[in-house]
Amino acid sequence: MWYELTDKKSVKNLLNQYDGFHDSCLKEMMIHTNSFVDEEYRMSVEPTFTAYLYFQSQCELPASTIEMKFEEVIECHLMPHTRYYDAIIFDVKIAFFDDAIYWANSADFSPEQPHYQKGLYWLSAKKVYWRPIEAVLGSENRYIVSE
C-alpha cells in the first residue's frame, strides 16, 4: 500500500517509520518517462515522468527497506559520489514549496535555493508516495533489467 505525502503529519509519519533515513542508502532508482514509439513507429512524447527510489537502512526499523514514488517530477538531480563523499544518508529534507514536494539527502538542503554539489541528490515532484518493502536487504537488484 502506498502512503502519500500530503502534509507535515504524513512526512513526520514517514520519518518516524524510517528513522529519518539515518544510516540508509539509495540502493536503486528507476524512471518512467511515459514517452514511447508505437508499433507503427509514431512517437508519443509526454512532458512528465515518474521516478521510483529504493532505499535500504542499517537500522532494524518497522521498515528497513522502503520505496518512494515521485509522480510528475519537476526536477531531478543525482550526482555520483566520489572518493571524498560516501553514499550514507544521515538525514534528509522533505519540504513543500511552490506547489511541489522536495526530497533531498541532506537536512541542510533548501528548496528556496536548490544547489548542485557532489554527494547531494534531490528531487521535486507534484506528488510523492512511499511504502515499506519486506526486508529485502543485500546487493541483489530489485528493479530488474531484462537481458
# chains A, B, ... in the order shown; residues from 1 in each chain; ligands from 1

$ closest_atom_pairs --of "region 23-56 of chain A" --to "region 101-122 of chain A" --cutoff "12 Å" --atoms "only C-alpha atoms" --output "JSON lines"
{"residue": "A:Asp23", "atom": "CA", "partner": "A:Asn105", "partner_atom": "CA", "distance": 11.2}
{"residue": "A:Ser24", "atom": "CA", "partner": "A:Asn105", "partner_atom": "CA", "distance": 9.9}
{"residue": "A:Cys25", "atom": "CA", "partner": "A:Asn105", "partner_atom": "CA", "distance": 9.2}
{"residue": "A:Leu26", "atom": "CA", "partner": "A:Asn105", "partner_atom": "CA", "distance": 9.2}
{"residue": "A:Met29", "atom": "CA", "partner": "A:Tyr121", "partner_atom": "CA", "distance": 11.8}
{"residue": "A:Ala51", "atom": "CA", "partner": "A:Trp122", "partner_atom": "CA", "distance": 11.7}
{"residue": "A:Leu53", "atom": "CA", "partner": "A:Trp103", "partner_atom": "CA", "distance": 11.1}
{"residue": "A:Phe55", "atom": "CA", "partner": "A:Asn105", "partner_atom": "CA", "distance": 11.5}

$ write_last_selection --atoms "C-alpha atoms" --output "compact mmCIF listing (two decimals), in the first residue's frame"
# COMPACT_ATOMS: atom_id res chain seq x y z
CA ASP A 23 22.15 5.20 8.18
CA SER A 24 20.36 4.42 4.95
CA CYS A 25 21.37 4.47 1.30
CA LEU A 26 19.72 4.88 -2.07
CA MET A 29 16.41 4.33 -8.98
CA ALA A 51 10.78 8.19 -10.56
CA LEU A 53 13.67 5.21 -5.47
CA PHE A 55 16.25 2.63 -0.03

$ select_by_dssp --residues "chain A" --states "strand (DSSP E or B)" --output "count of residues only"
58

$ residues_around --residues "Gln17 (chain A)" --least-positions-apart "3" --cutoff "12 Å" --atoms "only C-alpha atoms" --output "PyMOL selection string"
chain A and resi 3+10-14+20-22+57+59-66+130-133

$ residues_around --residues "Asn141 (chain A)" --least-positions-apart "5" --cutoff "12 Å" --atoms "only C-alpha atoms" --output "PDB file with C-alpha atoms, in the first residue's frame"
ATOM      1  CA  LEU A  26      19.716   4.882  -2.065  1.00  0.00           C
ATOM      2  CA  LYS A  27      20.019   1.368  -3.479  1.00  0.00           C
ATOM      3  CA  GLU A  28      18.292   1.836  -6.845  1.00  0.00           C
ATOM      4  CA  MET A  29      16.413   4.326  -8.983  1.00  0.00           C
ATOM      5  CA  MET A  30      14.084   3.720 -11.930  1.00  0.00           C
ATOM      6  CA  TYR A  54      14.504   2.154  -3.389  1.00  0.00           C
ATOM      7  CA  PHE A  55      16.247   2.634  -0.025  1.00  0.00           C
ATOM      8  CA  GLN A  56      17.873   0.234   2.433  1.00  0.00           C
ATOM      9  CA  VAL A 136      14.878  -7.057   1.028  1.00  0.00           C
ATOM     10  CA  SER A 146      15.697  -7.928 -18.954  1.00  0.00           C
TER      11      SER A 146
END

$ residues_around --residues "Glu4 (chain A)" --least-positions-apart "2" --cutoff "8 Å" --atoms "only C-alpha atoms" --output "list of chain:residue names"
A:Trp2, A:Thr6, A:Ser10, A:Lys127, A:Val128, A:Tyr129, A:Trp130

$ atom_distance --atom1 "CA of Met1 (chain A)" --atom2 "CA of Phe90 (chain A)"
26.0 Å

$ closest_residue --among "A:Glu134, A:Glu46, A:Glu39, A:Asp19" --to "Val92 (chain A)" --atoms "only C-alpha atoms"
A:Asp19

$ residues_around --residues "Tyr52 (chain A)" --least-positions-apart "3" --cutoff "8 Å" --atoms "only C-alpha atoms" --output "list in words"
Met29, Met30, Ile31, Glu67, Met68, Lys69 and Phe70 of chain A

$ write_last_selection --atoms "N, CA and C atoms" --output "PDB file, in the first residue's frame"
ATOM      1  N   MET A  29      17.325   3.317  -8.465  1.00  0.00           N
ATOM      2  CA  MET A  29      16.413   4.326  -8.983  1.00  0.00           C
ATOM      3  C   MET A  29      15.946   3.884 -10.358  1.00  0.00           C
ATOM      4  N   MET A  30      14.655   4.065 -10.624  1.00  0.00           N
ATOM      5  CA  MET A  30      14.084   3.720 -11.930  1.00  0.00           C
ATOM      6  C   MET A  30      13.215   4.904 -12.367  1.00  0.00           C
ATOM      7  N   ILE A  31      13.257   5.207 -13.659  1.00  0.00           N
ATOM      8  CA  ILE A  31      12.481   6.317 -14.197  1.00  0.00           C
ATOM      9  C   ILE A  31      11.602   5.825 -15.340  1.00  0.00           C
ATOM     10  N   GLU A  67      10.320   2.061  -0.540  1.00  0.00           N
ATOM     11  CA  GLU A  67      10.317   2.542  -1.908  1.00  0.00           C
ATOM     12  C   GLU A  67       9.551   3.856  -1.925  1.00  0.00           C
ATOM     13  N   MET A  68      10.055   4.815  -2.675  1.00  0.00           N
ATOM     14  CA  MET A  68       9.361   6.084  -2.841  1.00  0.00           C
ATOM     15  C   MET A  68       9.027   6.265  -4.313  1.00  0.00           C
ATOM     16  N   LYS A  69       7.866   6.856  -4.568  1.00  0.00           N
ATOM     17  CA  LYS A  69       7.419   7.127  -5.933  1.00  0.00           C
ATOM     18  C   LYS A  69       7.180   8.626  -6.068  1.00  0.00           C
ATOM     19  N   PHE A  70       7.841   9.237  -7.046  1.00  0.00           N
ATOM     20  CA  PHE A  70       7.715  10.664  -7.328  1.00  0.00           C
ATOM     21  C   PHE A  70       6.985  10.813  -8.660  1.00  0.00           C
TER      22      PHE A  70
END

$ atom_distance --atom1 "CA of Lys93 (chain A)" --atom2 "CA of Ile74 (chain A)"
16.7 Å

$ closest_residue --among "A:Gly138, A:Ile144, A:His77, A:Asp99" --to "Leu123 (chain A)" --atoms "only C-alpha atoms"
A:His77

$ closest_residue --among "A:Val73, A:Asp91, A:Val145, A:Pro80" --to "Phe49 (chain A)" --atoms "only C-alpha atoms"
A:Val73

$ select_by_dssp --residues "chain A" --states "helix (DSSP H, G or I)" --output "CSV table (one decimal) with N, CA and C atoms, in the first residue's frame"
chain,number,residue,atom,x,y,z
A,8,LYS,N,2.7,18.0,6.7
A,8,LYS,CA,3.7,17.8,7.6
A,8,LYS,C,3.5,16.5,8.4
A,9,LYS,N,2.3,16.2,8.7
A,9,LYS,CA,2.0,15.0,9.5
A,9,LYS,C,2.3,13.7,8.8
A,10,SER,N,2.0,13.7,7.5
A,10,SER,CA,2.4,12.5,6.7
A,10,SER,C,3.9,12.4,6.5
A,11,VAL,N,4.6,13.5,6.4
A,11,VAL,CA,6.1,13.5,6.4
A,11,VAL,C,6.6,13.0,7.7
A,12,LYS,N,6.1,13.5,8.8
A,12,LYS,CA,6.6,13.0,10.1
A,12,LYS,C,6.4,11.5,10.3
A,13,ASN,N,5.3,11.0,9.8
A,13,ASN,CA,5.0,9.6,9.8
A,13,ASN,C,6.1,8.8,9.1
A,14,LEU,N,6.4,9.2,7.9
A,14,LEU,CA,7.5,8.6,7.1
A,14,LEU,C,8.8,8.6,7.9
A,15,LEU,N,9.2,9.8,8.4
A,15,LEU,CA,10.4,9.9,9.0
A,15,LEU,C,10.5,9.1,10.3
A,16,ASN,N,9.4,9.0,11.0
A,16,ASN,CA,9.3,8.1,12.2
A,16,ASN,C,9.4,6.6,11.8
A,17,GLN,N,8.8,6.2,10.8
A,17,GLN,CA,8.8,4.8,10.3
A,17,GLN,C,10.2,4.4,9.8
A,19,ASP,N,13.2,6.2,10.6
A,19,ASP,CA,14.2,6.8,11.4
A,19,ASP,C,14.9,8.0,10.7
A,20,GLY,N,14.1,8.8,10.0
A,20,GLY,CA,14.7,10.0,9.4
A,20,GLY,C,15.7,9.7,8.3
A,21,PHE,N,15.7,8.5,7.8
A,21,PHE,CA,16.6,8.0,6.8
A,21,PHE,C,18.0,7.8,7.3

$ atom_distance --atom1 "CA of Glu72 (chain A)" --atom2 "CA of Asn34 (chain A)"
10.3 Å
